[in-house]
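Worksheet: one structure, shown below.
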Amino acid sequence: MKAEGNQQTNFPGTQKKENDSLVVFRQVSKVYDGQYAVRAVVSLTLAVRRGEFFCLAGPSGSGKTTVLNLMAGLDRPSRGSIFLDGQELNALNGHDLARLRLFKVGFVFQELNLLPVLTAWENIEFTLLLQKVPASERRQRVREIMEELDLLDLANRKPAAMSGGQQQRVAIARAVVGRPLLVLADEPTANLDSRTAGRLIELMHRLNQTHGLTFVIATHDQQVMEQAHRVLHLRDGQIESEFCRS
Amino acid sequence: MTFLKISLRNVARNARRTTLTVFIVALGLATLIISNALYDGFHEKMVANAVRIFMGHLQIHARGFHANPTVENCFLPLREDVLKSAPGSPLFARRVLFQALASTTANSLGVMVVGIDPEAERQITLTARSIVSGSYLTTQPEDLRSCLVGEQLFRNLHLQLGEKIILMAQARDGSLAADAFRVKGVCRTGNPEMDRSFVWIPLKMAQDFLAYGEHISEIVLLARNSSQVPAIKNYLLQHTDSATTEVLSWQEVAPDIVQMIELDIAMQRILMLIISVIAAMAIMNTMLMAIQERYPEFGVLLAIGTTPLQIVGMVVQESFYIGLLGLAAGLALTAVASIYFFWHGVNLASFAAGVAKFIGLDTTVRPLIKPGQVLASCLTVLAAATVTSLAPALKAARMDPIQIIRHI
Ligand SMILES: Nc1ncnc2c1ncn2[C@@H]1O[C@H](COP(=O)(O)OP(=O)(O)O)[C@@H](O)[C@H]1O
Ligand SMILES: [Mg+2]
């Protein structure tokens with residue numbers, strides 16, 4: 001799914017780099033029109049490499065969530081273009097974007113990730129049902145991921161009977177069971193105590209290591225940033241600083 | 001399959017609210033079915049009674065008699081074998097009808113005289129059974145100069161059983177006929193007009209009285225099953241000369257009954273509409289509330305790739321199941337109510353005053369449950385419940401997930 005057409009417009013030096021990139025933002029701006037216009041993201045250019053554990057940091061209101069929503073095609077940029085896995089998101093309609101999210105993106109929110117009427121097992125299975133994975137394979141894959149994330153004890157529990165940390169782990173399982181290319185997590189540890197948060201980060205990190213899954217995590221949690229390959233600090237929708245570990 | 005599971009569990013999730021909604025739907029449905037059944041029972045009884053009190057299912061006259069029932073309007077009856085081989089071999093009786101002046105020593109009153117063949121008439125109408133004192137006419141020669149009198153007329157003429165009344169009328173040939181008849185029985189039909197003005201005499205006497213010879217005023221027929229009426233009418237039309245004879249079904253003889261039933265049916269339709277709207281509003285309200293409190297859920301669902309159509313399906317399914325529960329509860333309620341009404345009946349005595357001429361004395365109505373009617377009511381309520389849920393469903397599906405996610 002490499003977008004051949006895009007290469008022609010690239011400068012020779014960036015070509016290799018962009019092919020390697022799972023997500024590319026080019027001069028992306030997002031303005032929310034309301035009583036007064038809010039410039040949530042301002043002319044942002046960035047690239048997230050495949051297999052990267054990428055962290056978006058910055059104070060509240062700096063534009064982290066907006067960037068994640070743009071990456072997932074939940075929101076459209078006011079200006080600039082976004083590529084996910086070589087596809088220009090602007091070229092896709094709502095239905096295609098929904099399919100893209102279903103097959104290529106996993107989501108973890110701060111809380112309330114799970115359907116209250118479904119058990120942990122069913123919540124995880126839900127992604128595969130949407131993907132129309134046949135029943136036997138579904139069972140196998142749900143079991144595998146629950147085993148891997150040590151969640152089998154929770155299989156028959158509904159969210160109300162789980163702790164915050166347990167719910168978040170189930171949410172991660174649901175996000176990755178569909179074998180996405182990219183997992184977006186928006187402040188996944190914000191409601192957890194630091195030990196639980198640490199375990200959750202460890203878990204995402206492990207998935208990143210063992211499966212080469214790309215993670216983009218919006219956070220102000222120092223623990224998360226410590227694990228990241230790269231931390232991008234945002235302020236007022238612009239890059240304030242970039243910190244790279246290699 | 002999952003969406004079904006999610007919908008069902010959501011129905012169970014807020015048990016109290018679901019129960020209340022189900023109850024409203026059930027009550028609506030039961031009201032609909034029972035009121036329909038009572039109306040149908042009432043209509044059936046009304047028609048059956050009206051037919052059996054006097055008019056029968058069909059009448060044959062000389063052309064124009066129904067509009068203008070004069071003595072000149074008489075005809076020679078059809079052959080019995082022709083009548084007997086009509087579809088479903090209906091019962092039939094010949095009659096002579098004329099207006100007369102009835103006099104006693106005390107009083108004189110205008111009356112309607114009906115010449116009947118006692119045995120044939122007994123098969124068709126309730127006259128024989130409506131005798132409250134004295135006895136019915138027979139074909140015995142000594143009964144030829146006997147008569148039956150409506151109860152109110154009996155009182156108005158200050159009669160006693162066995163006393164004589166003089167009937168006076170103009171015969172077919174223009175001469176004035178008069179004869180004395182001994183009162184043998186008193187009839188209470190429940191039809192005020194008949195009880196006030198009817199006198200029954202043997203057919204033979206009536207024919208002699210009017211110098212009719214073998215002529216009569218009408219043949220009244222009773223089908224063994226009311227559904228045979230159109231076929232019988234067709235048959236009779238084929239076997240009579242339409243230039244000289246008219247064949248009328250009960251609907252043509254008493255169009256007011258038909259109109260009344262049609263009016264009731266229209267009212268029922270309106271009731272059906274109102275109840276469906278109430279049931280639908282109840283479900284819509286429930287679903288709107290349910291969706292309101294599940295905004296985050298829908299936001300997440302949309303974000304992870306659930307399509308708006310799937311969301312719509314989920315919400316609509318949910319109301320459909322609530323509707324189904326309502327249907328089940330409604331049918332149970334209906335069963336209980338109809339057993340009650342069937343056992344006790346509904347007495348229309350007070351209401352019956354207005355319709356007494358149709359209903360007669362039997363004013364107790366029982367529900368008549370028609371499967372088609374029940375099915376129609378169920379489907380109407382279910383459809384209303386499901387269709388109205390489209391509004392909240394679309395609302396849920398059109399939500400902007402980023403607005404919701406922002407507030408998680
Ligand atoms: N849907 C929206 N409508 C209007 N303003 C918005 C909307 N979403 C975000 N914003 C504004 O954009 C800015 C960035 O918000 P956000 O991306 O949520 O920041 P963060 O996630 O870093 O806290 C904030 O000023 C916020 O108020
Ligand atoms: Mg945010």
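Ordered as shown in the structure tokens, chains take letters A, B, and onward, while each chain numbers its residues from 1 and ligands are numbered from 1 in the order shown.
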
Write out as a PyMOL selection string all residues of range 94-289 of chain B that backbone DSSP assigns to helix (DSSP H, G or I). chain B and resi 118-124+127-130+141-143+151-156+192-197+203-209+226-238+250-253+255-289

Identify every residue of chain B that has at least one atom within 12 Å of any atom of chain A, counting only C-alpha atoms, and report the result as a PyMOL selection string. chain B and resi 1-14+293-311+398-408

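Atom pair CA of Asn90 in chain A / CA of Leu46 in chain A has a distance of 16.7 Å (rounded to one decimal).
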
So which residues are near ligand 1, meaning at most 9 Å away with only C-alpha atoms and all ligand atoms counted, given back as a PyMOL selection string? (chain A and resi 30-34+37-41+56-69+186-187+218-219+234-237) or (chain B and resi 402-403+406)

If you run DSSP over the backbone, which residues in range 220-260 of chain B end up strand (DSSP E or B)? Put them as a PyMOL selection string. chain B and resi 220-222+245-249

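Between ligand 2 and the candidates A:Arg49, A:His205, A:Arg141, A:His220, the tightest atom-to-atom separation, counting only C-alpha atoms and all ligand atoms, involves A:His220.
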
Do you know which residues are at most 8 Å from range 211-222 of chain B counting only C-alpha atoms, after dropping those on the same chain fewer than 6 positions away, and could you put them as a ChimeraX atom specification? /B:55-62,65,73-77,90-97,124,171-173

Quick one: residues within 12 Å of range 260-274 of chain B, only C-alpha atoms counted, chain neighbours fewer than 4 positions away excluded, as a PyMOL selection string? chain B and resi 28-47+251+254-256+278-281+354-355+358+373-374+376-381+383-384

With C-alpha atoms retained, write the just-selected residues as a PDB file, in the first residue's frame.
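Writing the result to out_10.pdb gives the following:
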ATOM      1  CA  GLY B  28     -52.015   0.255  24.589  1.00  0.00           C
ATOM      2  CA  LEU B  29     -52.081  -2.981  22.686  1.00  0.00           C
ATOM      3  CA  ALA B  30     -54.530  -4.646  25.057  1.00  0.00           C
ATOM      4  CA  THR B  31     -56.827  -1.626  24.886  1.00  0.00           C
ATOM      5  CA  LEU B  32     -56.671  -1.743  21.142  1.00  0.00           C
ATOM      6  CA  ILE B  33     -57.403  -5.432  20.806  1.00  0.00           C
ATOM      7  CA  ILE B  34     -60.106  -5.551  23.474  1.00  0.00           C
ATOM      8  CA  SER B  35     -61.915  -2.481  22.241  1.00  0.00           C
ATOM      9  CA  ASN B  36     -61.758  -3.852  18.719  1.00  0.00           C
ATOM     10  CA  ALA B  37     -63.057  -7.187  19.922  1.00  0.00           C
ATOM     11  CA  LEU B  38     -65.895  -5.574  21.863  1.00  0.00           C
ATOM     12  CA  TYR B  39     -66.841  -3.445  18.898  1.00  0.00           C
ATOM     13  CA  ASP B  40     -66.754  -6.476  16.645  1.00  0.00           C
ATOM     14  CA  GLY B  41     -68.776  -8.449  19.164  1.00  0.00           C
ATOM     15  CA  PHE B  42     -71.253  -5.603  19.374  1.00  0.00           C
ATOM     16  CA  HIS B  43     -71.516  -5.292  15.604  1.00  0.00           C
ATOM     17  CA  GLU B  44     -71.967  -8.960  15.123  1.00  0.00           C
ATOM     18  CA  LYS B  45     -74.646  -9.098  17.755  1.00  0.00           C
ATOM     19  CA  MET B  46     -76.312  -6.012  16.362  1.00  0.00           C
ATOM     20  CA  VAL B  47     -76.461  -7.444  12.870  1.00  0.00           C
ATOM     21  CA  GLN B 251     -77.363  -3.927   4.150  1.00  0.00           C
ATOM     22  CA  ALA B 254     -81.053  -1.208   6.884  1.00  0.00           C
ATOM     23  CA  PRO B 255     -78.302   1.057   5.573  1.00  0.00           C
ATOM     24  CA  ASP B 256     -78.246   2.824   8.930  1.00  0.00           C
ATOM     25  CA  ILE B 278     -48.669   6.864  22.434  1.00  0.00           C
ATOM     26  CA  ALA B 279     -46.789   3.571  22.336  1.00  0.00           C
ATOM     27  CA  ALA B 280     -44.359   5.001  19.828  1.00  0.00           C
ATOM     28  CA  MET B 281     -43.798   8.131  21.901  1.00  0.00           C
ATOM     29  CA  GLY B 354     -80.271   4.398  20.966  1.00  0.00           C
ATOM     30  CA  VAL B 355     -79.746   1.189  19.074  1.00  0.00           C
ATOM     31  CA  PHE B 358     -81.293  -3.203  16.039  1.00  0.00           C
ATOM     32  CA  GLN B 373     -57.554  -7.953  13.837  1.00  0.00           C
ATOM     33  CA  VAL B 374     -55.162  -9.012  16.603  1.00  0.00           C
ATOM     34  CA  ALA B 376     -53.044  -6.030  12.592  1.00  0.00           C
ATOM     35  CA  SER B 377     -52.997  -4.401  16.029  1.00  0.00           C
ATOM     36  CA  CYS B 378     -49.738  -6.122  16.957  1.00  0.00           C
ATOM     37  CA  LEU B 379     -48.063  -5.165  13.722  1.00  0.00           C
ATOM     38  CA  THR B 380     -49.281  -1.587  13.941  1.00  0.00           C
ATOM     39  CA  VAL B 381     -47.946  -1.141  17.460  1.00  0.00           C
ATOM     40  CA  ALA B 383     -44.178  -0.926  13.473  1.00  0.00           C
ATOM     41  CA  ALA B 384     -44.944   2.331  15.242  1.00  0.00           C
TER      42      ALA B 384
END

Taking 6 positions as the minimum chain separation for residues in the same chain, which residues sit within 10 Å of Val82 in chain B when counting only C-alpha atoms? Answer as a PDB file with N, CA and C atoms, in the first residue's frame.
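So the final result, stored in out_28.pdb, reads:
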ATOM      1  N   SER B  89     -78.871 -23.461   0.742  1.00  0.00           N
ATOM      2  CA  SER B  89     -80.303 -23.651   1.032  1.00  0.00           C
ATOM      3  C   SER B  89     -80.792 -22.844   2.244  1.00  0.00           C
ATOM      4  N   TYR B 235     -77.915 -15.366  -6.887  1.00  0.00           N
ATOM      5  CA  TYR B 235     -78.783 -16.443  -7.346  1.00  0.00           C
ATOM      6  C   TYR B 235     -80.208 -15.926  -7.541  1.00  0.00           C
ATOM      7  N   LEU B 236     -80.686 -15.176  -6.550  1.00  0.00           N
ATOM      8  CA  LEU B 236     -82.066 -14.683  -6.616  1.00  0.00           C
ATOM      9  C   LEU B 236     -82.233 -13.704  -7.779  1.00  0.00           C
ATOM     10  N   HIS B 239     -82.802 -15.542 -10.826  1.00  0.00           N
ATOM     11  CA  HIS B 239     -84.060 -16.273 -10.915  1.00  0.00           C
ATOM     12  C   HIS B 239     -85.286 -15.392 -10.767  1.00  0.00           C
TER      13      HIS B 239
END
